[in-house]
$ cat my_file.cif   # mmCIF, C-alpha atoms and all ligand atoms
data_input
loop_
_atom_site.group_PDB
_atom_site.id
_atom_site.type_symbol
_atom_site.label_atom_id
_atom_site.label_comp_id
_atom_site.auth_asym_id
_atom_site.auth_seq_id
_atom_site.Cartn_x
_atom_site.Cartn_y
_atom_site.Cartn_z
ATOM 1 C CA MET X 1 -15.774 8.364 11.455
ATOM 2 C CA ARG X 2 -12.085 7.557 11.305
ATOM 3 C CA SER X 3 -11.325 7.248 14.975
ATOM 4 C CA SER X 4 -11.702 3.493 14.998
ATOM 5 C CA LEU X 5 -8.946 3.345 12.422
ATOM 6 C CA LEU X 6 -6.648 5.460 14.494
ATOM 7 C CA ILE X 7 -6.834 4.541 18.127
ATOM 8 C CA ARG X 8 -5.618 0.993 17.854
ATOM 9 C CA GLN X 9 -2.397 0.428 19.734
ATOM 10 C CA ALA X 10 0.693 -0.371 17.763
ATOM 11 C CA ASP X 11 1.219 -4.070 17.326
ATOM 12 C CA SER X 12 4.238 -6.049 16.330
ATOM 13 C CA CYS X 13 5.209 -7.910 13.206
ATOM 14 C CA ALA X 14 3.935 -11.444 13.477
ATOM 15 C CA PRO X 15 6.156 -14.292 12.325
ATOM 16 C CA ARG X 16 5.650 -15.435 8.775
ATOM 17 C CA ARG X 17 3.347 -18.306 8.119
ATOM 18 C CA PRO X 18 4.070 -21.170 5.757
ATOM 19 C CA ASN X 19 3.924 -20.478 2.034
ATOM 20 C CA PRO X 20 0.367 -21.216 0.857
ATOM 21 C CA HIS X 21 1.602 -22.145 -2.603
ATOM 22 C CA PRO X 22 4.692 -24.275 -1.984
ATOM 23 C CA GLY X 23 4.483 -25.913 -5.372
ATOM 24 C CA GLN X 24 4.694 -22.535 -7.090
ATOM 25 C CA LEU X 25 7.568 -21.112 -5.102
ATOM 26 C CA ARG X 26 10.466 -20.190 -7.333
ATOM 27 C CA ARG X 27 12.547 -18.287 -4.871
ATOM 28 C CA PRO X 28 12.779 -19.163 -1.197
ATOM 29 C CA GLY X 29 12.905 -16.352 1.314
ATOM 30 C CA PRO X 30 15.946 -15.684 3.451
ATOM 31 C CA PRO X 31 16.612 -18.079 6.308
ATOM 32 C CA ARG X 32 14.804 -17.033 9.457
ATOM 33 C CA GLY X 33 17.027 -17.041 12.493
ATOM 34 C CA GLY X 34 15.865 -16.602 16.025
ATOM 35 C CA ASN X 35 16.830 -12.929 16.023
ATOM 36 C CA GLN X 36 14.401 -11.016 13.816
ATOM 37 C CA GLU X 37 16.334 -7.818 14.574
ATOM 38 C CA ARG X 38 19.040 -9.015 12.181
ATOM 39 C CA ALA X 39 16.730 -10.259 9.448
ATOM 40 C CA THR X 40 15.915 -8.487 6.199
ATOM 41 C CA LEU X 41 12.179 -7.786 6.062
ATOM 42 C CA ARG X 42 10.297 -8.786 2.938
ATOM 43 C CA LEU X 43 7.189 -6.695 2.328
ATOM 44 C CA LEU X 44 4.601 -6.865 -0.437
ATOM 45 C CA GLN X 45 2.613 -3.732 -1.305
ATOM 46 C CA LEU X 46 -0.820 -4.200 -2.861
ATOM 47 C CA THR X 47 -2.643 -0.997 -3.641
ATOM 48 C CA ASP X 48 -5.765 0.404 -5.246
ATOM 49 C CA MET X 49 -7.600 -2.881 -5.650
ATOM 50 C CA HIS X 50 -10.977 -1.104 -6.176
ATOM 51 C CA LEU X 51 -13.004 -4.183 -5.279
ATOM 52 C CA TYR X 52 -16.797 -4.408 -5.425
ATOM 53 C CA ALA X 53 -19.455 -6.250 -3.477
ATOM 54 C CA ASP X 54 -20.543 -7.758 -6.792
ATOM 55 C CA PRO X 55 -18.138 -10.561 -7.829
ATOM 56 C CA ASN X 56 -18.623 -9.346 -11.397
ATOM 57 C CA GLY X 57 -17.857 -5.704 -10.561
ATOM 58 C CA ARG X 58 -15.713 -4.031 -13.207
ATOM 59 C CA LEU X 59 -13.630 -0.861 -13.317
ATOM 60 C CA LEU X 60 -12.908 0.419 -16.842
ATOM 61 C CA GLY X 61 -13.507 -2.994 -18.316
ATOM 62 C CA GLN X 62 -11.589 -4.992 -15.727
ATOM 63 C CA ASN X 63 -13.013 -7.392 -13.161
ATOM 64 C CA THR X 64 -11.011 -6.120 -10.196
ATOM 65 C CA ARG X 65 -11.301 -9.394 -8.274
ATOM 66 C CA ARG X 66 -9.805 -11.187 -11.264
ATOM 67 C CA THR X 67 -6.884 -8.779 -11.696
ATOM 68 C CA LEU X 68 -6.157 -9.012 -7.943
ATOM 69 C CA ASP X 69 -6.135 -12.800 -8.231
ATOM 70 C CA LEU X 70 -3.616 -12.630 -11.071
ATOM 71 C CA VAL X 71 -1.386 -10.233 -9.125
ATOM 72 C CA LEU X 72 -1.512 -12.505 -6.078
ATOM 73 C CA GLU X 73 -0.611 -15.501 -8.222
ATOM 74 C CA LEU X 74 2.408 -13.613 -9.530
ATOM 75 C CA ALA X 75 3.455 -12.630 -6.004
ATOM 76 C CA ALA X 76 3.119 -16.211 -4.809
ATOM 77 C CA GLU X 77 5.335 -17.364 -7.655
ATOM 78 C CA SER X 78 7.998 -14.679 -7.545
ATOM 79 C CA PHE X 79 8.133 -13.023 -4.119
ATOM 80 C CA TRP X 80 7.122 -15.374 -1.395
ATOM 81 C CA PRO X 81 7.197 -15.738 1.586
ATOM 82 C CA VAL X 82 6.731 -12.211 2.910
ATOM 83 C CA ASP X 83 6.772 -10.832 6.439
ATOM 84 C CA ARG X 84 3.839 -8.489 5.866
ATOM 85 C CA VAL X 85 1.499 -7.247 3.147
ATOM 86 C CA LEU X 86 0.933 -3.476 2.952
ATOM 87 C CA LEU X 87 -2.470 -2.317 1.641
ATOM 88 C CA THR X 88 -2.228 1.395 0.802
ATOM 89 C CA GLY X 89 -5.790 2.454 0.109
ATOM 90 C CA ASP X 90 -8.659 2.279 -2.372
ATOM 91 C CA LEU X 91 -9.217 -1.276 -1.251
ATOM 92 C CA VAL X 92 -12.916 -1.144 -2.177
ATOM 93 C CA HIS X 93 -14.542 1.017 -4.862
ATOM 94 C CA ASP X 94 -18.224 0.886 -3.884
ATOM 95 C CA GLU X 95 -17.890 1.471 -0.110
ATOM 96 C CA SER X 96 -19.398 -1.932 0.557
ATOM 97 C CA ARG X 97 -18.750 -4.023 3.657
ATOM 98 C CA GLU X 98 -18.929 -7.064 1.376
ATOM 99 C CA GLY X 99 -15.952 -5.759 -0.594
ATOM 100 C CA TYR X 100 -13.781 -5.560 2.537
ATOM 101 C CA GLU X 101 -14.961 -8.932 3.781
ATOM 102 C CA TYR X 102 -14.106 -10.468 0.416
ATOM 103 C CA LEU X 103 -10.624 -8.931 0.559
ATOM 104 C CA GLU X 104 -10.020 -10.298 4.030
ATOM 105 C CA ARG X 105 -11.173 -13.775 3.014
ATOM 106 C CA ARG X 106 -8.892 -13.636 -0.004
ATOM 107 C CA LEU X 107 -5.871 -12.465 1.997
ATOM 108 C CA VAL X 108 -6.400 -15.031 4.760
ATOM 109 C CA GLU X 109 -5.605 -17.615 2.104
ATOM 110 C CA LEU X 110 -2.143 -16.048 1.760
ATOM 111 C CA GLY X 111 -1.359 -16.643 5.404
ATOM 112 C CA ALA X 112 0.682 -13.435 5.788
ATOM 113 C CA PRO X 113 -0.208 -10.615 8.191
ATOM 114 C CA CYS X 114 -1.423 -7.420 6.527
ATOM 115 C CA SER X 115 -1.563 -3.730 7.404
ATOM 116 C CA SER X 116 -4.021 -1.327 5.821
ATOM 117 C CA LEU X 117 -4.855 2.348 5.492
ATOM 118 C CA PRO X 118 -7.746 4.019 3.652
ATOM 119 C CA GLY X 119 -7.799 5.818 0.310
ATOM 120 C CA ASN X 120 -10.216 8.345 -1.149
ATOM 121 C CA HIS X 121 -12.489 5.617 -2.524
ATOM 122 C CA ASP X 122 -12.698 3.799 0.813
ATOM 123 C CA ALA X 123 -15.291 4.243 3.542
ATOM 124 C CA PRO X 124 -13.007 4.379 6.608
ATOM 125 C CA ALA X 125 -15.663 3.489 9.191
ATOM 126 C CA ILE X 126 -17.024 0.562 7.147
ATOM 127 C CA MET X 127 -13.468 -0.538 6.403
ATOM 128 C CA ALA X 128 -12.452 -0.470 10.064
ATOM 129 C CA GLY X 129 -15.631 -2.263 11.083
ATOM 130 C CA ALA X 130 -15.096 -5.007 8.550
ATOM 131 C CA LEU X 131 -11.368 -5.495 9.115
ATOM 132 C CA ASP X 132 -10.782 -4.670 12.776
ATOM 133 C CA GLY X 133 -9.747 -7.693 14.792
ATOM 134 C CA GLY X 134 -9.070 -9.850 11.762
ATOM 135 C CA LEU X 135 -5.960 -10.682 9.796
ATOM 136 C CA ILE X 136 -5.721 -7.184 8.337
ATOM 137 C CA SER X 137 -4.399 -4.739 10.920
ATOM 138 C CA VAL X 138 -5.645 -1.156 10.968
ATOM 139 C CA ALA X 139 -3.065 -0.123 13.597
ATOM 140 C CA PRO X 140 -1.327 3.174 12.733
ATOM 141 C CA SER X 141 2.156 1.910 13.547
ATOM 142 C CA LEU X 142 3.992 -1.260 14.386
ATOM 143 C CA ARG X 143 7.456 -2.627 14.963
ATOM 144 C CA CYS X 144 8.697 -5.151 12.416
ATOM 145 C CA GLY X 145 12.204 -6.413 13.139
ATOM 146 C CA ARG X 146 14.406 -3.352 13.522
ATOM 147 C CA TRP X 147 12.011 -1.209 11.509
ATOM 148 C CA SER X 148 9.154 1.090 12.404
ATOM 149 C CA LEU X 149 6.260 0.872 9.938
ATOM 150 C CA ILE X 150 3.838 3.808 10.081
ATOM 151 C CA PHE X 151 0.413 3.977 8.405
ATOM 152 C CA LEU X 152 -1.233 7.391 8.023
ATOM 153 C CA ASN X 153 -4.811 8.227 7.094
ATOM 154 C CA SER X 154 -4.584 11.011 4.482
ATOM 155 C CA THR X 155 -8.224 10.903 3.373
ATOM 156 C CA LEU X 156 -10.611 13.855 3.461
ATOM 157 C CA ALA X 157 -14.372 13.355 3.658
ATOM 158 C CA GLU X 158 -16.125 14.073 0.364
ATOM 159 C CA SER X 159 -12.828 14.740 -1.433
ATOM 160 C CA ASP X 160 -10.469 12.804 -3.661
ATOM 161 C CA GLY X 161 -7.575 14.928 -2.449
ATOM 162 C CA GLY X 162 -5.431 14.236 0.589
ATOM 163 C CA HIS X 163 -4.623 15.981 3.857
ATOM 164 C CA LEU X 164 -2.849 15.061 7.087
ATOM 165 C CA ASP X 165 -4.644 16.649 10.004
ATOM 166 C CA GLY X 166 -3.104 17.480 13.360
ATOM 167 C CA PHE X 167 -3.971 14.071 14.768
ATOM 168 C CA GLN X 168 -2.131 12.285 11.973
ATOM 169 C CA LEU X 169 0.886 14.583 12.149
ATOM 170 C CA ASN X 170 1.059 14.072 15.907
ATOM 171 C CA LEU X 171 0.765 10.331 15.425
ATOM 172 C CA LEU X 172 3.688 10.459 12.997
ATOM 173 C CA GLU X 173 5.789 12.592 15.332
ATOM 174 C CA THR X 174 5.052 10.310 18.273
ATOM 175 C CA ALA X 175 5.826 7.095 16.399
ATOM 176 C CA LEU X 176 9.128 8.459 15.087
ATOM 177 C CA SER X 177 10.159 9.948 18.439
ATOM 178 C CA ALA X 178 9.532 6.624 20.175
ATOM 179 C CA HIS X 179 12.224 4.797 18.174
ATOM 180 C CA PRO X 180 14.820 7.326 16.982
ATOM 181 C CA ARG X 181 17.423 4.681 16.184
ATOM 182 C CA SER X 182 15.162 2.397 14.158
ATOM 183 C CA PRO X 183 14.829 2.943 10.412
ATOM 184 C CA ALA X 184 11.288 3.932 9.463
ATOM 185 C CA LEU X 185 8.993 3.422 6.483
ATOM 186 C CA ILE X 186 5.973 5.753 6.232
ATOM 187 C CA CYS X 187 2.914 4.637 4.250
ATOM 188 C CA LEU X 188 -0.056 6.748 3.147
ATOM 189 C CA HIS X 189 -2.469 6.863 0.231
ATOM 190 C CA HIS X 190 -1.910 10.276 -1.378
ATOM 191 C CA GLN X 191 1.327 11.331 -3.004
ATOM 192 C CA PRO X 192 3.204 13.939 -0.903
ATOM 193 C CA VAL X 193 5.096 15.212 -3.966
ATOM 194 C CA PRO X 194 3.855 15.932 -7.503
ATOM 195 C CA VAL X 195 4.235 12.969 -9.835
ATOM 196 C CA GLY X 196 4.059 15.127 -12.984
ATOM 197 C CA SER X 197 0.461 14.410 -13.969
ATOM 198 C CA ASN X 198 -1.689 17.546 -13.707
ATOM 199 C CA TRP X 199 -5.006 15.841 -13.060
ATOM 200 C CA LEU X 200 -3.545 13.506 -10.433
ATOM 201 C CA ASP X 201 -1.514 16.229 -8.766
ATOM 202 C CA THR X 202 -4.683 18.226 -8.096
ATOM 203 C CA MET X 203 -5.559 15.285 -5.811
ATOM 204 C CA ALA X 204 -2.213 15.052 -4.014
ATOM 205 C CA LEU X 205 -1.543 15.659 -0.322
ATOM 206 C CA ASP X 206 -2.485 19.329 0.189
ATOM 207 C CA ASN X 207 -0.157 20.019 3.119
ATOM 208 C CA PRO X 208 3.153 18.384 2.230
ATOM 209 C CA GLU X 209 5.086 21.134 4.038
ATOM 210 C CA ALA X 210 3.644 20.055 7.385
ATOM 211 C CA PHE X 211 4.321 16.405 6.591
ATOM 212 C CA PHE X 212 7.919 16.940 5.522
ATOM 213 C CA ALA X 213 8.556 19.222 8.493
ATOM 214 C CA VAL X 214 7.984 16.178 10.702
ATOM 215 C CA VAL X 215 9.917 13.843 8.404
ATOM 216 C CA ASP X 216 12.894 16.199 8.291
ATOM 217 C CA ARG X 217 13.159 16.197 12.097
ATOM 218 C CA HIS X 218 13.720 12.435 12.064
ATOM 219 C CA PRO X 219 16.697 11.284 10.009
ATOM 220 C CA GLN X 220 15.810 7.628 10.572
ATOM 221 C CA VAL X 221 13.029 7.914 7.979
ATOM 222 C CA ARG X 222 14.280 5.893 5.006
ATOM 223 C CA GLY X 223 11.237 5.529 2.797
ATOM 224 C CA ILE X 224 7.782 6.958 2.001
ATOM 225 C CA LEU X 225 5.341 4.701 0.164
ATOM 226 C CA TRP X 226 1.946 5.523 -1.357
ATOM 227 C CA GLY X 227 -0.828 4.336 -3.674
ATOM 228 C CA HIS X 228 -3.400 6.572 -5.438
ATOM 229 C CA VAL X 229 -1.372 7.295 -8.592
ATOM 230 C CA HIS X 230 -1.795 3.838 -10.201
ATOM 231 C CA GLN X 231 1.729 3.982 -11.662
ATOM 232 C CA GLU X 232 5.318 3.336 -10.690
ATOM 233 C CA TYR X 233 7.160 6.376 -9.361
ATOM 234 C CA THR X 234 10.557 6.528 -7.668
ATOM 235 C CA ALA X 235 12.562 9.539 -6.504
ATOM 236 C CA ARG X 236 14.704 10.672 -3.608
ATOM 237 C CA ARG X 237 14.242 13.640 -1.311
ATOM 238 C CA LYS X 238 17.010 14.422 1.174
ATOM 239 C CA GLY X 239 18.095 10.790 1.039
ATOM 240 C CA VAL X 240 14.581 9.427 1.645
ATOM 241 C CA LEU X 241 13.286 7.013 -1.006
ATOM 242 C CA LEU X 242 9.896 8.112 -2.409
ATOM 243 C CA MET X 243 7.772 5.364 -3.970
ATOM 244 C CA GLY X 244 4.484 5.330 -5.850
ATOM 245 C CA SER X 245 3.165 2.022 -7.101
ATOM 246 C CA PRO X 246 0.985 0.326 -9.708
ATOM 247 C CA SER X 247 -2.577 -0.606 -8.906
ATOM 248 C CA THR X 248 -3.702 -4.224 -8.884
ATOM 249 C CA CYS X 249 -6.295 -3.163 -11.518
ATOM 250 C CA VAL X 250 -6.061 -0.296 -14.037
ATOM 251 C CA GLN X 251 -2.977 1.923 -14.573
ATOM 252 C CA PHE X 252 -2.835 5.678 -15.157
ATOM 253 C CA LEU X 253 -0.630 7.090 -17.894
ATOM 254 C CA PRO X 254 2.416 8.870 -16.384
ATOM 255 C CA THR X 255 2.925 12.617 -17.101
ATOM 256 C CA SER X 256 -0.527 12.926 -18.707
ATOM 257 C CA ASN X 257 -2.193 16.312 -18.155
ATOM 258 C CA ALA X 258 -5.681 14.783 -18.262
ATOM 259 C CA PHE X 259 -7.073 11.430 -17.208
ATOM 260 C CA ALA X 260 -5.680 8.662 -19.425
ATOM 261 C CA LEU X 261 -5.150 4.946 -18.975
ATOM 262 C CA ASP X 262 -1.824 3.247 -19.528
ATOM 263 C CA ALA X 263 -1.584 -0.068 -21.349
ATOM 264 C CA LEU X 264 0.855 -1.319 -18.713
ATOM 265 C CA THR X 265 -0.544 -4.219 -16.736
ATOM 266 C CA PRO X 266 -1.463 -4.515 -13.038
ATOM 267 C CA GLY X 267 1.194 -5.389 -10.510
ATOM 268 C CA PHE X 268 2.670 -5.111 -7.039
ATOM 269 C CA ARG X 269 5.693 -3.547 -5.384
ATOM 270 C CA TRP X 270 8.133 -5.665 -3.397
ATOM 271 C CA LEU X 271 10.410 -4.257 -0.724
ATOM 272 C CA GLU X 272 13.345 -5.705 1.188
ATOM 273 C CA LEU X 273 14.240 -3.661 4.259
ATOM 274 C CA SER X 274 17.698 -4.339 5.658
ATOM 275 C CA PRO X 275 18.435 -3.932 9.366
ATOM 276 C CA ASP X 276 20.931 -1.162 8.494
ATOM 277 C CA GLY X 277 18.135 0.926 6.933
ATOM 278 C CA HIS X 278 18.738 0.104 3.259
ATOM 279 C CA ILE X 279 15.662 -0.400 1.042
ATOM 280 C CA ALA X 280 15.724 -2.607 -2.045
ATOM 281 C CA THR X 281 12.508 -2.405 -4.047
ATOM 282 C CA GLY X 282 10.938 -3.000 -7.425
ATOM 283 C CA VAL X 283 7.703 -3.557 -9.277
ATOM 284 C CA GLN X 284 6.407 -6.693 -10.957
ATOM 285 C CA ARG X 285 3.458 -6.853 -13.334
ATOM 286 C CA ILE X 286 1.243 -9.612 -14.696
ATOM 287 C CA ALA X 287 1.768 -10.614 -18.327
ATOM 288 C CA ALA X 288 -1.554 -9.369 -19.717
ATOM 289 C CA TYR X 289 -4.978 -8.005 -18.802
ATOM 290 C CA PRO X 290 -7.597 -10.740 -18.529
ATOM 291 C CA ASP X 291 -10.119 -8.591 -20.454
ATOM 292 C CA PRO X 292 -9.860 -5.772 -23.034
ATOM 293 C CA LEU X 293 -8.904 -2.453 -21.465
ATOM 294 C CA ASP X 294 -11.182 0.496 -22.220
ATOM 295 C CA LEU X 295 -8.484 2.977 -23.271
ATOM 296 C CA SER X 296 -11.104 5.485 -24.477
ATOM 297 C CA SER X 297 -12.357 6.151 -20.936
ATOM 298 C CA VAL X 298 -12.237 9.776 -19.841
ATOM 299 C CA GLY X 299 -12.599 9.185 -16.114
ATOM 300 C CA TYR X 300 -13.485 6.706 -13.427
HETATM 301 FE FE FE V 1 -7.160 4.260 -6.757
#
$ encode --input "my_file.cif" --output "structure tokens"
Amino acid sequence: MRSSLLIRQADSCAPRRPNPHPGQLRRPGPPRGGNQERATLRLLQLTDMHLYADPNGRLLGQNTRRTLDLVLELAAESFWPVDRVLLTGDLVHDESREGYEYLERRLVELGAPCSSLPGNHDAPAIMAGALDGGLISVAPSLRCGRWSLIFLNSTLAESDGGHLDGFQLNLLETALSAHPRSPALICLHHQPVPVGSNWLDTMALDNPEAFFAVVDRHPQVRGILWGHVHQEYTARRKGVLLMGSPSTCVQFLPTSNAFALDALTPGFRWLELSPDGHIATGVQRIAAYPDPLDLSSVGY
């Protein structure tokens, strides 16, 4: 099922395309010289979009196409241009090919290359079939300037929890061994450390020891980035920056023992990766939900 997501050869980071919203640009990106090795990379993470085939599809009261639109408008205004967009799972909620095709059409309008990996709500084979060969890469690793960007599939069939099987761990080891002097950012869907929310942490990566055993052998790893938790999370482990991020639709209440929504609004994470391995990052959120949020929900 997932092989088509995994066997693509690594590609490289394509040059940025012109800003699709020049009139809205508040902050120009850094000047682009001829040597991308010396440039700071600007990445935009969009995660947990939970799109539907139905344009009117709603999750907990929110039209997820509408909240994604608002997040993209904010990104275009405040953090553009970018070198690459990172899509870290739960792209589509109803496992529909139409949902992925809509996402690709929407992202083509941005004009920036994208990389994707699946989450527990995705259908990896449908996702790969819909996205493969288009603007949204499903390659498991790529070179972007001086950096290695690695995209792992942590999904388990019929489970909301996460696991990295031997294939994924070998892929990680191979990608890191190939470029030992290049700083690396690892992306996956499930959190590899507890975020302090009991219900969410029962759906975390179930073999973090195996994952961190690989990470710890490669000191060039500078950051680990995930989705799934629908909230901002930042910590450090042995000097590696750990980052969880808000969804582009509904947010989960941090440190809650049981499922609970947060009134915080949807958003994105921005990252600036320096050639020396430093990561600057932050989260931006839209001003308000477009529709009332169903805070009484007990699940999704
Ligand atoms: Fe999600």
$ resolve_selection --input "my_file.cif" --expression "the PyMOL selection byres (((not hetatm)) within 6 of (chain V and resi 1))" --output "list in words"
Asp48, Asp90 and His228 of chain X
$ residues_around --input "my_file.cif" --residues "X:Leu60" --least-positions-apart "2" --cutoff "10 Å" --atoms "all atoms listed in the file" --output "list in words"
Arg58, Gln62, Asn63, Thr64, Cys249, Val250, Leu261, Pro292, Leu293, Asp294, Leu295, Ser296, Ser297, Val298, Gly299 and Tyr300 of chain X
$ residues_around --input "my_file.cif" --residues "stretch 272-276 of chain X" --least-positions-apart "6" --cutoff "6 Å" --atoms "all atoms listed in the file" --output "NGL selection string"
:X and (38 or 40-42 or 146)
$ resolve_selection --input "my_file.cif" --expression "the PyMOL selection byres (((chain X and resi 124-127) around 12) and not hetatm)" --output "number ranges by chain"
X: 1-6, 89-104, 116-123, 128-134, 136-138, 153-158
$ atom_distance --input "my_file.cif" --atom1 "atom CA of X:Ala260" --atom2 "atom CA of X:Glu209"
28.7 Å
$ residues_around --input "my_file.cif" --residues "X:Val229" --least-positions-apart "2" --cutoff "9 Å" --atoms "only C-alpha atoms" --output "count of residues only"
19
$ closest_residue --input "my_file.cif" --among "X:Asp206, X:Glu173, X:Asp291, X:Asp83" --to "X:Thr67" --atoms "all atoms listed in the file"
X:Asp291
$ resolve_selection --input "my_file.cif" --expression "the PyMOL selection byres (((chain X and resi 287) around 10) and not hetatm)" --output "number ranges by chain"
X: 70-71, 74, 264-267, 284-286, 288-290
$ atom_distance --input "my_file.cif" --atom1 "atom CA of X:Pro140" --atom2 "atom CA of X:Ala213"
19.3 Å
$ residues_near_point --input "my_file.cif" --point "(16.2, 0.7, -5.6)" --cutoff "10 Å" --atoms "all atoms listed in the file" --output "PDB file with C-alpha atoms, in the frame of the given file"
ATOM      1  CA  THR X 234      10.557   6.528  -7.668  1.00  0.00           C
ATOM      2  CA  ALA X 235      12.562   9.539  -6.504  1.00  0.00           C
ATOM      3  CA  LEU X 241      13.286   7.013  -1.006  1.00  0.00           C
ATOM      4  CA  MET X 243       7.772   5.364  -3.970  1.00  0.00           C
ATOM      5  CA  LEU X 271      10.410  -4.257  -0.724  1.00  0.00           C
ATOM      6  CA  GLU X 272      13.345  -5.705   1.188  1.00  0.00           C
ATOM      7  CA  HIS X 278      18.738   0.104   3.259  1.00  0.00           C
ATOM      8  CA  ILE X 279      15.662  -0.400   1.042  1.00  0.00           C
ATOM      9  CA  ALA X 280      15.724  -2.607  -2.045  1.00  0.00           C
ATOM     10  CA  THR X 281      12.508  -2.405  -4.047  1.00  0.00           C
ATOM     11  CA  GLY X 282      10.938  -3.000  -7.425  1.00  0.00           C
TER      12      GLY X 282
END
$ residues_around --input "my_file.cif" --residues "X:Ser256" --least-positions-apart "6" --cutoff "9 Å" --atoms "only C-alpha atoms" --output "CSV table (one decimal) with C-alpha atoms, keeping the file's coordinate frame"
chain,number,residue,atom,x,y,z
X,196,GLY,CA,4.1,15.1,-13.0
X,197,SER,CA,0.5,14.4,-14.0
X,198,ASN,CA,-1.7,17.5,-13.7
X,199,TRP,CA,-5.0,15.8,-13.1
X,200,LEU,CA,-3.5,13.5,-10.4
